[in-house]
file start-v1.txt (compact mmCIF, C-alpha atoms and all ligand atoms)
# COMPACT_ATOMS: atom_id res chain seq x y z
CA MET A 1264 19.07 4.14 9.44
CA SER A 1265 22.39 5.28 10.95
CA THR A 1266 22.35 8.86 12.17
CA VAL A 1267 20.32 9.99 9.19
CA ASP A 1268 16.63 10.66 9.64
CA SER A 1269 15.39 9.21 6.35
CA GLN A 1270 11.92 10.65 6.80
CA GLN A 1271 13.44 14.10 6.65
CA ARG A 1272 15.54 13.46 3.60
CA VAL A 1273 14.39 14.14 0.07
CA LEU A 1274 16.28 13.18 -3.07
CA SER A 1275 15.48 13.65 -6.70
CA GLY A 1276 17.31 13.70 -10.01
CA MET A 1277 16.72 15.05 -13.48
CA ARG A 1278 18.30 13.90 -16.70
CA PRO A 1279 20.12 16.66 -18.60
CA THR A 1280 18.26 16.43 -21.87
CA GLY A 1281 18.03 20.12 -22.73
CA ARG A 1282 16.91 23.50 -21.51
CA LEU A 1283 13.97 23.51 -19.15
CA HIS A 1284 10.56 24.96 -19.97
CA LEU A 1285 7.39 26.14 -18.24
CA GLY A 1286 6.16 22.55 -17.94
CA HIS A 1287 9.18 21.72 -15.74
CA LEU A 1288 8.64 24.89 -13.72
CA HIS A 1289 4.98 24.21 -12.95
CA GLY A 1290 5.57 20.50 -12.33
CA VAL A 1291 8.92 19.59 -10.83
CA LEU A 1292 10.74 22.80 -10.01
CA ASN A 1293 8.12 24.71 -8.04
CA ASN A 1294 7.67 21.53 -6.04
CA TRP A 1295 11.41 21.35 -5.30
CA VAL A 1296 11.42 24.97 -4.20
CA LYS A 1297 8.65 24.18 -1.73
CA LEU A 1298 10.28 20.98 -0.45
CA GLN A 1299 13.65 22.61 0.16
CA HIS A 1300 12.14 24.56 3.06
CA GLU A 1301 10.59 21.51 4.65
CA TYR A 1302 13.21 18.80 4.25
CA GLN A 1303 16.89 18.16 3.87
CA CYS A 1304 17.08 18.03 0.08
CA PHE A 1305 19.49 16.50 -2.41
CA PHE A 1306 18.90 17.39 -6.07
CA PHE A 1307 21.16 16.14 -8.79
CA VAL A 1308 21.79 16.06 -12.51
CA ALA A 1309 21.40 12.41 -13.54
CA ASP A 1310 23.99 12.49 -16.32
CA TRP A 1311 24.73 8.76 -16.13
CA HIS A 1312 21.04 8.08 -16.60
CA ALA A 1313 21.04 10.24 -19.72
CA LEU A 1314 24.04 8.24 -20.91
CA THR A 1315 22.04 5.00 -20.80
CA THR A 1316 20.00 6.26 -23.74
CA HIS A 1317 22.21 8.95 -25.31
CA TYR A 1318 25.65 7.35 -25.32
CA GLY A 1319 27.67 8.60 -28.25
CA ASP A 1320 26.24 12.08 -27.94
CA GLN A 1321 28.92 13.93 -26.00
CA LYS A 1322 27.49 17.33 -26.73
CA ILE A 1323 24.46 16.73 -24.51
CA PHE A 1324 26.67 16.42 -21.51
CA GLU A 1325 29.11 19.20 -22.23
CA GLU A 1326 26.35 21.73 -22.69
CA ASN A 1327 23.43 20.66 -20.60
CA VAL A 1328 24.77 19.87 -17.17
CA ILE A 1329 25.76 23.36 -16.07
CA ASP A 1330 22.86 24.84 -18.01
CA MET A 1331 20.38 22.74 -16.12
CA VAL A 1332 21.76 23.80 -12.77
CA ILE A 1333 21.51 27.43 -13.93
CA ASP A 1334 17.82 26.85 -14.64
CA TRP A 1335 17.34 25.40 -11.16
CA LEU A 1336 19.08 28.33 -9.51
CA ALA A 1337 17.20 30.87 -11.60
CA VAL A 1338 13.80 29.60 -10.47
CA GLY A 1339 14.77 29.69 -6.81
CA VAL A 1340 16.26 26.33 -5.93
CA ASP A 1341 18.54 27.47 -3.13
CA PRO A 1342 21.99 25.95 -2.72
CA GLY A 1343 21.88 27.12 0.88
CA SER A 1344 18.95 24.79 1.53
CA ALA A 1345 19.56 21.91 -0.86
CA ALA A 1346 22.69 20.12 -2.04
CA LEU A 1347 22.89 20.49 -5.83
CA PHE A 1348 25.25 18.05 -7.48
CA VAL A 1349 26.12 15.97 -10.51
CA GLN A 1350 25.74 12.20 -10.39
CA SER A 1351 28.92 11.35 -12.31
CA LYS A 1352 31.00 13.37 -9.83
CA ILE A 1353 30.01 10.96 -7.06
CA PRO A 1354 31.44 7.61 -8.23
CA GLU A 1355 30.12 6.06 -5.01
CA HIS A 1356 26.77 5.70 -6.82
CA ALA A 1357 28.49 3.43 -9.32
CA GLU A 1358 30.06 1.27 -6.67
CA LEU A 1359 26.76 0.80 -4.88
CA HIS A 1360 25.13 0.02 -8.22
CA LEU A 1361 27.75 -2.68 -8.80
CA LEU A 1362 27.39 -4.15 -5.32
CA LEU A 1363 23.59 -4.21 -5.51
CA SER A 1364 23.78 -5.81 -8.96
CA MET A 1365 25.21 -8.93 -7.32
CA LEU A 1366 21.94 -9.63 -5.55
CA THR A 1367 19.38 -8.19 -7.96
CA PRO A 1368 17.54 -10.89 -9.93
CA LEU A 1369 17.57 -10.28 -13.67
CA GLY A 1370 13.82 -10.87 -13.83
CA TRP A 1371 13.15 -7.88 -11.57
CA LEU A 1372 14.90 -5.59 -14.05
CA GLU A 1373 13.24 -7.08 -17.11
CA ARG A 1374 9.83 -6.64 -15.52
CA VAL A 1375 10.15 -2.90 -14.76
CA PRO A 1376 7.52 -1.42 -17.13
CA SER A 1377 9.72 1.40 -18.46
CA TYR A 1378 12.23 -1.12 -19.84
CA LYS A 1379 10.11 -2.46 -22.69
CA ASP A 1380 8.10 0.79 -23.05
CA GLN A 1381 11.14 2.93 -23.68
CA GLN A 1382 12.79 0.37 -25.94
CA GLU A 1383 9.70 0.47 -28.12
CA LYS A 1384 9.31 4.22 -27.96
CA LEU A 1385 12.93 5.02 -28.71
CA GLN A 1386 13.42 2.59 -31.57
CA GLU A 1387 15.98 4.80 -33.26
CA LEU A 1388 18.35 4.16 -30.34
CA ASN A 1389 19.84 0.78 -29.61
CA LEU A 1390 18.76 0.18 -26.04
CA ASP A 1391 19.63 -3.48 -26.00
CA THR A 1392 22.41 -2.74 -23.55
CA HIS A 1393 23.47 -3.76 -20.08
CA GLY A 1394 23.44 -0.10 -19.04
CA PHE A 1395 19.83 0.45 -20.07
CA LEU A 1396 18.64 -2.73 -18.42
CA GLY A 1397 20.36 -1.51 -15.26
CA TYR A 1398 18.70 1.92 -15.36
CA PRO A 1399 16.36 1.28 -12.40
CA LEU A 1400 19.14 -0.26 -10.35
CA LEU A 1401 21.32 2.79 -10.88
CA GLN A 1402 18.36 4.87 -9.73
CA ALA A 1403 18.01 2.61 -6.68
CA ALA A 1404 21.67 3.23 -5.87
CA ASP A 1405 21.11 7.01 -6.22
CA ILE A 1406 18.37 6.86 -3.64
CA LEU A 1407 19.71 4.27 -1.22
CA ILE A 1408 23.18 5.78 -0.98
CA TYR A 1409 21.69 8.88 0.72
CA ARG A 1410 19.19 6.89 2.78
CA ALA A 1411 16.53 9.19 1.33
CA GLY A 1412 13.09 8.35 2.67
CA LEU A 1413 11.18 10.55 0.24
CA VAL A 1414 11.59 10.72 -3.51
CA PRO A 1415 9.57 13.33 -5.42
CA VAL A 1416 8.82 11.87 -8.83
CA GLY A 1417 6.22 11.94 -11.56
CA SER A 1418 3.85 9.01 -12.00
CA ASP A 1419 6.14 7.46 -14.64
CA GLN A 1420 8.82 6.93 -11.98
CA VAL A 1421 6.78 5.38 -9.20
CA ALA A 1422 7.63 1.86 -10.37
CA HIS A 1423 11.33 2.70 -10.01
CA VAL A 1424 10.89 3.76 -6.39
CA GLU A 1425 8.92 0.58 -5.71
CA PHE A 1426 11.76 -1.40 -7.28
CA THR A 1427 14.21 0.45 -5.02
CA ARG A 1428 12.22 -0.65 -1.97
CA GLU A 1429 12.45 -4.25 -3.07
CA VAL A 1430 16.18 -4.05 -3.59
CA ALA A 1431 16.64 -2.47 -0.14
CA ARG A 1432 14.49 -5.14 1.45
CA ARG A 1433 16.43 -7.90 -0.24
CA PHE A 1434 19.73 -6.38 0.82
CA ASN A 1435 18.59 -6.01 4.43
CA HIS A 1436 17.23 -9.52 4.40
CA ILE A 1437 20.50 -11.00 3.19
CA TYR A 1438 22.97 -8.84 5.10
CA GLY A 1439 21.00 -7.67 8.11
CA LYS A 1440 21.15 -11.13 9.68
CA GLU A 1441 24.59 -11.01 11.21
CA PRO A 1442 25.58 -13.98 13.35
CA GLY A 1443 24.64 -13.36 16.98
CA PHE A 1444 22.17 -10.60 16.10
CA GLU A 1445 20.04 -11.10 19.24
CA GLU A 1446 23.02 -10.92 21.57
CA ASN A 1447 24.47 -7.90 19.79
CA ALA A 1448 21.12 -6.14 19.93
CA LYS A 1449 20.73 -6.87 23.65
CA ALA A 1450 24.21 -5.57 24.32
CA ALA A 1451 23.36 -2.45 22.35
CA VAL A 1452 20.26 -1.90 24.49
CA ARG A 1453 22.42 -1.92 27.60
CA LYS A 1454 24.80 0.61 26.09
CA MET A 1455 22.00 3.18 26.02
CA GLY A 1456 22.09 3.50 29.78
CA LYS A 1457 19.61 2.25 32.33
CA LYS A 1458 16.76 4.68 31.81
CA SER A 1459 16.71 4.65 28.02
CA ALA A 1460 17.26 0.90 27.94
CA GLN A 1461 14.23 0.31 30.13
CA LEU A 1462 12.09 2.67 28.08
CA TYR A 1463 13.22 1.07 24.82
CA SER A 1464 12.43 -2.41 26.08
CA ASN A 1465 8.95 -1.39 27.25
CA LEU A 1466 8.14 0.32 23.97
CA ARG A 1467 9.46 -2.64 22.01
CA SER A 1468 7.24 -5.07 23.92
CA ALA A 1469 4.25 -2.78 23.48
CA TYR A 1470 4.81 -2.82 19.74
CA GLN A 1471 5.66 -6.48 19.34
CA GLN A 1472 3.02 -7.84 21.71
CA ARG A 1473 0.14 -5.47 21.07
CA GLY A 1474 1.02 -3.94 17.70
CA ASP A 1475 1.12 -0.50 19.32
CA HIS A 1476 2.36 1.74 16.49
CA GLU A 1477 2.61 4.78 18.69
CA ALA A 1478 5.07 2.90 20.88
CA LEU A 1479 7.06 2.02 17.76
CA ALA A 1480 7.26 5.68 16.75
CA LYS A 1481 8.29 6.67 20.28
CA ALA A 1482 11.02 4.06 20.34
CA GLN A 1483 12.32 5.22 16.96
CA ALA A 1484 12.40 8.78 18.22
CA LEU A 1485 14.25 7.62 21.30
CA LEU A 1486 16.88 5.94 19.14
CA LYS A 1487 17.35 9.05 17.05
CA GLU A 1488 18.15 11.00 20.21
CA GLN A 1489 20.84 8.61 21.43
CA GLN A 1490 24.22 10.29 21.24
CA ASN A 1491 26.59 7.67 22.49
CA ILE A 1492 25.86 4.56 20.49
CA SER A 1493 27.58 3.58 17.26
CA ILE A 1494 25.95 3.61 13.84
CA GLY A 1495 26.02 -0.19 13.76
CA ASP A 1496 24.30 -0.44 17.13
CA ARG A 1497 21.69 2.07 16.10
CA GLU A 1498 20.84 0.00 13.03
CA ARG A 1499 20.63 -3.12 15.18
CA LEU A 1500 18.27 -1.40 17.56
CA PHE A 1501 16.04 -0.14 14.74
CA GLY A 1502 15.93 -3.65 13.30
CA TYR A 1503 15.42 -5.30 16.70
CA LEU A 1504 12.41 -3.06 17.34
CA GLU A 1505 10.54 -4.43 14.38
CA GLY A 1506 11.72 -7.96 14.86
CA GLY A 1507 14.01 -8.34 11.82
CA GLY A 1508 17.72 -7.97 11.45
CA LYS A 1509 19.76 -4.82 10.99
CA MET A 1510 18.19 -2.21 8.71
CA ILE A 1511 21.18 -1.15 6.71
CA LEU A 1512 19.40 0.45 3.77
CA ALA A 1513 16.28 2.58 4.26
CA GLU A 1514 13.23 1.84 2.11
CA PRO A 1515 12.13 5.03 0.34
CA LYS A 1516 8.63 6.19 -0.53
CA SER A 1517 7.68 8.17 -3.60
CA LEU A 1518 6.27 11.61 -3.14
CA LEU A 1519 4.07 11.95 -6.19
CA THR A 1520 4.64 15.32 -7.87
CA PRO A 1521 1.26 16.85 -8.73
CA ALA A 1522 1.02 16.74 -12.52
CA SER A 1523 1.57 20.11 -14.16
CA LYS A 1524 -1.57 21.54 -15.72
CA MET A 1525 0.59 23.64 -17.96
CA PRO A 1526 -0.32 22.85 -21.58
CA GLY A 1527 1.95 23.29 -24.56
CA LEU A 1528 1.18 25.82 -27.27
CA ASP A 1529 -0.97 23.25 -29.08
CA GLY A 1530 -2.89 22.13 -26.00
CA GLN A 1531 -0.99 18.83 -25.63
CA LYS A 1532 1.39 18.24 -22.73
CA MET A 1533 4.30 20.69 -22.94
CA SER A 1534 7.37 18.87 -24.17
CA LYS A 1535 10.45 19.76 -26.13
CA SER A 1536 9.89 16.81 -28.44
CA TYR A 1537 6.40 18.03 -29.38
CA ASN A 1538 7.88 21.40 -30.29
CA ASN A 1539 5.20 23.18 -28.25
CA ALA A 1540 7.25 24.43 -25.30
CA ILE A 1541 8.02 27.85 -23.88
CA GLY A 1542 11.58 27.76 -22.62
CA LEU A 1543 12.47 29.41 -19.34
CA ARG A 1544 15.25 31.34 -21.00
CA GLU A 1545 13.61 32.02 -24.34
CA PRO A 1546 13.83 35.68 -25.41
CA LEU A 1547 10.65 37.41 -24.23
CA GLU A 1548 9.93 38.77 -27.70
CA ASP A 1549 9.85 35.21 -29.04
CA VAL A 1550 7.57 34.17 -26.21
CA ARG A 1551 5.13 36.95 -27.07
CA LYS A 1552 5.21 35.96 -30.70
CA LYS A 1553 4.72 32.27 -29.97
CA ILE A 1554 1.64 32.89 -27.86
CA SER A 1555 0.25 35.46 -30.29
CA THR A 1556 0.40 32.93 -33.09
CA MET A 1557 -0.64 29.83 -31.17
CA PRO A 1558 -3.82 28.12 -32.37
CA THR A 1559 -7.21 28.90 -30.82
CA ASP A 1560 -10.64 27.29 -31.13
CA PRO A 1561 -10.73 26.37 -34.85
CA ALA A 1562 -14.39 27.46 -34.99
CA ARG A 1563 -13.32 31.10 -34.63
CA VAL A 1564 -12.20 31.78 -38.16
CA ARG A 1565 -13.50 35.35 -38.17
CA LEU A 1566 -13.82 37.78 -35.31
CA SER A 1567 -17.61 37.49 -35.57
CA ASP A 1568 -17.56 33.69 -35.12
CA PRO A 1569 -18.33 32.72 -31.51
CA GLY A 1570 -15.97 30.22 -29.91
CA ASN A 1571 -15.79 27.81 -27.01
CA PRO A 1572 -12.93 28.16 -24.52
CA GLU A 1573 -13.12 24.43 -23.74
CA LYS A 1574 -11.85 23.79 -27.25
CA CYS A 1575 -9.03 26.30 -27.04
CA PRO A 1576 -5.49 25.82 -25.67
CA VAL A 1577 -5.36 29.52 -24.71
CA TRP A 1578 -8.09 28.81 -22.18
CA GLN A 1579 -5.84 26.25 -20.50
CA LEU A 1580 -3.26 28.99 -20.09
CA HIS A 1581 -5.90 31.18 -18.46
CA GLU A 1582 -6.63 28.29 -16.11
CA ASN A 1583 -3.01 28.50 -14.96
CA TYR A 1584 -2.54 32.23 -14.88
CA SER A 1585 -5.77 34.22 -14.67
CA ASP A 1586 -7.99 35.21 -11.77
CA PRO A 1587 -11.75 34.51 -11.81
CA GLU A 1588 -12.60 37.96 -13.14
CA ILE A 1589 -10.45 37.62 -16.23
CA LYS A 1590 -11.68 34.09 -16.77
CA ALA A 1591 -15.31 35.26 -16.69
CA TRP A 1592 -14.41 37.97 -19.22
CA VAL A 1593 -12.85 35.33 -21.50
CA VAL A 1594 -15.80 32.94 -21.38
CA GLU A 1595 -18.33 35.69 -22.00
CA GLY A 1596 -16.28 37.42 -24.69
CA CYS A 1597 -15.40 34.21 -26.53
CA LYS A 1598 -18.91 32.77 -26.60
CA THR A 1599 -20.47 36.03 -27.75
CA ALA A 1600 -17.67 36.90 -30.16
CA SER A 1601 -17.25 40.24 -28.42
CA ILE A 1602 -13.49 39.92 -27.94
CA GLY A 1603 -10.81 38.93 -30.42
CA CYS A 1604 -8.41 36.09 -29.76
CA LEU A 1605 -5.51 38.51 -29.60
CA ASP A 1606 -7.31 40.51 -26.85
CA CYS A 1607 -7.93 37.27 -25.07
CA LYS A 1608 -4.28 36.26 -25.24
CA LYS A 1609 -2.99 39.53 -23.87
CA PRO A 1610 -3.45 38.79 -20.15
CA VAL A 1611 -1.68 35.41 -20.42
CA ILE A 1612 1.14 36.92 -22.45
CA ASP A 1613 1.58 39.53 -19.74
CA ALA A 1614 1.43 36.94 -16.96
CA ILE A 1615 3.95 34.62 -18.59
CA VAL A 1616 6.32 37.48 -19.39
CA ALA A 1617 6.03 38.67 -15.79
CA GLU A 1618 6.80 35.17 -14.57
CA LEU A 1619 9.80 34.71 -16.85
CA GLU A 1620 11.37 38.12 -16.48
CA PRO A 1621 12.81 37.69 -12.98
CA ILE A 1622 13.85 34.13 -13.80
CA GLN A 1623 15.77 35.34 -16.84
CA LYS A 1624 17.42 38.10 -14.83
CA GLU A 1625 18.64 35.59 -12.28
CA ALA A 1626 19.78 33.21 -15.00
CA GLN A 1627 21.82 35.96 -16.64
CA GLN A 1628 23.79 36.55 -13.50
CA TYR A 1629 24.76 32.91 -13.39
CA GLU A 1630 25.47 32.79 -17.12
CA HIS A 1631 27.95 35.61 -16.61
CA ASP A 1632 29.58 33.88 -13.70
CA PRO A 1633 30.09 30.20 -14.56
CA ASP A 1634 32.70 29.93 -11.81
CA LEU A 1635 30.02 30.68 -9.26
CA VAL A 1636 27.84 27.91 -10.68
CA ARG A 1637 30.76 25.51 -10.63
CA SER A 1638 31.55 26.33 -7.03
CA ILE A 1639 27.91 25.75 -6.05
CA ILE A 1640 28.06 22.34 -7.70
CA ILE A 1641 31.38 21.49 -6.09
CA GLU A 1642 29.99 22.36 -2.68
CA GLY A 1643 26.88 20.27 -3.33
CA CYS A 1644 29.08 17.38 -4.44
CA ASP A 1645 31.09 17.60 -1.22
CA THR A 1646 27.96 17.39 0.90
CA ALA A 1647 26.63 14.51 -1.15
CA ARG A 1648 29.92 12.61 -1.18
CA GLU A 1649 30.28 12.72 2.57
CA SER A 1650 26.90 11.14 3.03
CA ALA A 1651 27.41 8.63 0.23
CA ARG A 1652 30.73 7.46 1.65
CA GLU A 1653 29.23 6.75 5.02
CA THR A 1654 26.55 4.48 3.57
CA LEU A 1655 28.94 2.79 1.20
CA SER A 1656 31.36 1.95 3.95
CA GLU A 1657 28.60 0.25 5.92
CA VAL A 1658 27.48 -1.63 2.86
CA ARG A 1659 31.00 -2.85 2.17
CA THR A 1660 31.42 -4.01 5.74
CA ALA A 1661 28.03 -5.74 5.73
CA MET A 1662 28.99 -7.61 2.56
CA GLY A 1663 32.24 -8.78 4.07
CA LEU A 1664 34.48 -6.54 1.98
CA THR A 1665 37.19 -5.55 4.39
CA THR A 1666 38.03 -1.89 4.35
CA TRP A 1667 41.44 -0.78 5.39
N1 LIG B 1 14.84 8.40 -13.79
C1 LIG B 1 14.52 9.76 -13.38
C2 LIG B 1 13.77 10.45 -14.54
O1 LIG B 1 13.91 10.07 -15.66
C3 LIG B 1 15.74 10.56 -13.02
C4 LIG B 1 16.42 9.97 -11.82
C5 LIG B 1 17.61 9.33 -11.76
C6 LIG B 1 15.93 10.02 -10.48
N2 LIG B 1 17.91 8.96 -10.49
C7 LIG B 1 16.90 9.36 -9.69
C8 LIG B 1 14.78 10.53 -9.90
C9 LIG B 1 16.71 9.19 -8.30
C10 LIG B 1 14.59 10.36 -8.54
C11 LIG B 1 15.55 9.69 -7.75
O2 LIG B 1 13.07 11.40 -14.29
FE1 LIG B 2 -9.55 30.89 -27.38
FE2 LIG B 2 -9.80 33.23 -26.19
FE3 LIG B 2 -10.06 33.03 -28.87
FE4 LIG B 2 -11.91 32.03 -27.27
S1 LIG B 2 -11.37 34.18 -27.48
S2 LIG B 2 -11.01 31.01 -29.04
S3 LIG B 2 -10.71 31.31 -25.54
S4 LIG B 2 -8.23 32.66 -27.65
call {"tool": "encode", "arguments": {"input": "start-v1.txt", "output": "structure tokens"}}
result
Amino acid sequence: MSTVDSQQRVLSGMRPTGRLHLGHLHGVLNNWVKLQHEYQCFFFVADWHALTTHYGDQKIFEENVIDMVIDWLAVGVDPGSAALFVQSKIPEHAELHLLLSMLTPLGWLERVPSYKDQQEKLQELNLDTHGFLGYPLLQAADILIYRAGLVPVGSDQVAHVEFTREVARRFNHIYGKEPGFEENAKAAVRKMGKKSAQLYSNLRSAYQQRGDHEALAKAQALLKEQQNISIGDRERLFGYLEGGGKMILAEPKSLLTPASKMPGLDGQKMSKSYNNAIGLREPLEDVRKKISTMPTDPARVRLSDPGNPEKCPVWQLHENYSDPEIKAWVVEGCKTASIGCLDCKKPVIDAIVAELEPIQKEAQQYEHDPDLVRSIIIEGCDTARESARETLSEVRTAMGLTTW
């Protein structure tokens, strides 16, 4: 727990596997932009995670890392609100990964569903590696090192956050039980001063004897306010409240990102590997052309053939971009064959172009000033590193690794 309020801290990472598209914008990125105003946010490029599957492919990393941050900035992720950084620039993640690996049972890693799934899906890659098996543990280190309480992820990542909770619990269980915990905790209570100590003790009894959760929340708030107790004592007092030992690592929760309803040009999920994506920085002329030539309801061979929007991927774009009036016009016009598919596409072309135009303008500024992007990343790294070092130093001490 330390001085960090985990419930206020959000962390998420993205692997640098290529330029971002409208699917990312409507799923992950718009969500990040919203969260950055509500929480203390850490967003990072998970380049080590990309390396677990794409080792040997240096080009990915040279080109995509900065590019991805440019995409983030262009859509409004604000470096003034969120720390933007690159995983491999914070080697503390790797040390925590190593330390946690000592106490992580092999079976836990083998049972994470993505392990076998991805190995089967990506057969062309050899994923029979230590690094790939350790993927979820590296992710756990990413999260735990910032004591992030909230992790925005898609449904495919929920199992990884659950795994992270188990690792944190195991760590706290093993290392939170310092010798003389009771005595140390009682001494820490006294250090809060008479009034706070009394209040803490009353709230603790209310929780432990009557299961009063409001009292628990009040006591936690009280601890957060304490200015003159050490980080170690604070952790003891958090742990003592709930009856266990010290809570050194905070258990995170996943914050499920609402699935993007943005379809690809063929009506399937938008994805670079399906070749159906509209890139955020794709020239607008190409975007117009792509939408103009995208498939429609196959029943509408001629203009005079009526169609059904439910069978048409263009309709799904209207669902994302058009107001009720336009949508009514589409349904009526399509079913009665009174509009052509090109007419029907025009409002979504206009809406997508209008959405992309300001993003591309922003992106251009950053493309022309790579030093600015680098300095934003360096600043984000500094913020991240400071926080990571604090956790790591407590972890080392808890594990008996003397620091001098
Ligand atoms: N595994 C995540 C993905 O593929 C990326 C990731 C790495 C991540 N570390 C993380 C996400 C920590 C959230 C928190 O999308
Ligand atoms: Fe699709 Fe619109 Fe053509 Fe109907 S009119 S088939 S909804 S593009």
call {"tool": "closest_atom_pairs", "arguments": {"input": "start-v1.txt", "of": "chain A", "to": "ligand LIG 1 (chain B)", "cutoff": "8 Å", "atoms": "all atoms listed in the file", "output": "CSV"}}
result
residue,atom,partner,partner_atom,distance
A:Leu1274,CA,B:LIG1,C11,5.9
A:Ser1275,CA,B:LIG1,C10,3.9
A:Gly1276,CA,B:LIG1,C6,4.0
A:Met1277,CA,B:LIG1,C3,4.6
A:Arg1278,CA,B:LIG1,C3,5.6
A:Val1308,CA,B:LIG1,C5,8.0
A:Ala1309,CA,B:LIG1,C5,5.2
A:His1312,CA,B:LIG1,C5,6.1
A:Tyr1398,CA,B:LIG1,N1,7.7
A:Pro1399,CA,B:LIG1,N1,7.4
A:Leu1401,CA,B:LIG1,N2,7.1
A:Gln1402,CA,B:LIG1,N2,4.2
A:Ala1403,CA,B:LIG1,C9,6.9
A:Asp1405,CA,B:LIG1,C9,5.3
A:Ile1406,CA,B:LIG1,C9,5.5
A:Val1414,CA,B:LIG1,C10,5.9
A:Pro1415,CA,B:LIG1,C10,6.6
A:Val1416,CA,B:LIG1,C10,6.0
A:Gly1417,CA,B:LIG1,O2,7.4
A:Asp1419,CA,B:LIG1,O2,8.0
A:Gln1420,CA,B:LIG1,N1,6.5
A:His1423,CA,B:LIG1,N1,7.7
A:Val1424,CA,B:LIG1,C11,7.7
call {"tool": "atom_distance", "arguments": {"input": "start-v1.txt", "atom1": "CA of Ile1329 in chain A", "atom2": "CA of Leu1283 in chain A"}}
result
12.2 Å
call {"tool": "atom_distance", "arguments": {"input": "start-v1.txt", "atom1": "CA of Val1267 in chain A", "atom2": "CA of Ile1333 in chain A"}}
result
29.0 Å
call {"tool": "atom_distance", "arguments": {"input": "start-v1.txt", "atom1": "CA of Leu1619 in chain A", "atom2": "CA of Leu1543 in chain A"}}
result
6.4 Å
call {"tool": "axis_aligned_box", "arguments": {"input": "start-v1.txt", "around": "ligand LIG 2 (chain B)", "padding_each_side": "8 Å", "output": "lines of an AutoDock Vina configuration file"}}
result
center_x = -10.1
center_y = 32.5
center_z = -27.3
size_x = 19.7
size_y = 19.3
size_z = 19.5
call {"tool": "closest_residue", "arguments": {"input": "start-v1.txt", "among": "A:Ile1408, A:Leu1369, A:Val1332, A:Ile1602", "to": "Ile1640 in chain A", "atoms": "all atoms listed in the file"}}
result
A:Val1332
call {"tool": "residues_near_ligand", "arguments": {"input": "start-v1.txt", "ligand": "ligand LIG 2 (chain B)", "cutoff": "10 Å", "atoms": "only C-alpha atoms and all ligand atoms", "output": "PDB file with C-alpha atoms, in the frame of the given file"}}
result
ATOM      1  CA  ILE A1554       1.640  32.890 -27.860  1.00  0.00           C
ATOM      2  CA  SER A1555       0.250  35.460 -30.290  1.00  0.00           C
ATOM      3  CA  MET A1557      -0.640  29.830 -31.170  1.00  0.00           C
ATOM      4  CA  PRO A1558      -3.820  28.120 -32.370  1.00  0.00           C
ATOM      5  CA  THR A1559      -7.210  28.900 -30.820  1.00  0.00           C
ATOM      6  CA  ASP A1560     -10.640  27.290 -31.130  1.00  0.00           C
ATOM      7  CA  PRO A1561     -10.730  26.370 -34.850  1.00  0.00           C
ATOM      8  CA  ALA A1562     -14.390  27.460 -34.990  1.00  0.00           C
ATOM      9  CA  ARG A1563     -13.320  31.100 -34.630  1.00  0.00           C
ATOM     10  CA  VAL A1564     -12.200  31.780 -38.160  1.00  0.00           C
ATOM     11  CA  LEU A1566     -13.820  37.780 -35.310  1.00  0.00           C
ATOM     12  CA  ASP A1568     -17.560  33.690 -35.120  1.00  0.00           C
ATOM     13  CA  PRO A1569     -18.330  32.720 -31.510  1.00  0.00           C
ATOM     14  CA  GLY A1570     -15.970  30.220 -29.910  1.00  0.00           C
ATOM     15  CA  ASN A1571     -15.790  27.810 -27.010  1.00  0.00           C
ATOM     16  CA  PRO A1572     -12.930  28.160 -24.520  1.00  0.00           C
ATOM     17  CA  GLU A1573     -13.120  24.430 -23.740  1.00  0.00           C
ATOM     18  CA  LYS A1574     -11.850  23.790 -27.250  1.00  0.00           C
ATOM     19  CA  CYS A1575      -9.030  26.300 -27.040  1.00  0.00           C
ATOM     20  CA  PRO A1576      -5.490  25.820 -25.670  1.00  0.00           C
ATOM     21  CA  VAL A1577      -5.360  29.520 -24.710  1.00  0.00           C
ATOM     22  CA  TRP A1578      -8.090  28.810 -22.180  1.00  0.00           C
ATOM     23  CA  GLN A1579      -5.840  26.250 -20.500  1.00  0.00           C
ATOM     24  CA  LEU A1580      -3.260  28.990 -20.090  1.00  0.00           C
ATOM     25  CA  HIS A1581      -5.900  31.180 -18.460  1.00  0.00           C
ATOM     26  CA  LYS A1590     -11.680  34.090 -16.770  1.00  0.00           C
ATOM     27  CA  TRP A1592     -14.410  37.970 -19.220  1.00  0.00           C
ATOM     28  CA  VAL A1593     -12.850  35.330 -21.500  1.00  0.00           C
ATOM     29  CA  VAL A1594     -15.800  32.940 -21.380  1.00  0.00           C
ATOM     30  CA  GLU A1595     -18.330  35.690 -22.000  1.00  0.00           C
ATOM     31  CA  GLY A1596     -16.280  37.420 -24.690  1.00  0.00           C
ATOM     32  CA  CYS A1597     -15.400  34.210 -26.530  1.00  0.00           C
ATOM     33  CA  LYS A1598     -18.910  32.770 -26.600  1.00  0.00           C
ATOM     34  CA  THR A1599     -20.470  36.030 -27.750  1.00  0.00           C
ATOM     35  CA  ALA A1600     -17.670  36.900 -30.160  1.00  0.00           C
ATOM     36  CA  SER A1601     -17.250  40.240 -28.420  1.00  0.00           C
ATOM     37  CA  ILE A1602     -13.490  39.920 -27.940  1.00  0.00           C
ATOM     38  CA  GLY A1603     -10.810  38.930 -30.420  1.00  0.00           C
ATOM     39  CA  CYS A1604      -8.410  36.090 -29.760  1.00  0.00           C
ATOM     40  CA  LEU A1605      -5.510  38.510 -29.600  1.00  0.00           C
ATOM     41  CA  ASP A1606      -7.310  40.510 -26.850  1.00  0.00           C
ATOM     42  CA  CYS A1607      -7.930  37.270 -25.070  1.00  0.00           C
ATOM     43  CA  LYS A1608      -4.280  36.260 -25.240  1.00  0.00           C
ATOM     44  CA  LYS A1609      -2.990  39.530 -23.870  1.00  0.00           C
TER      45      LYS A1609
END
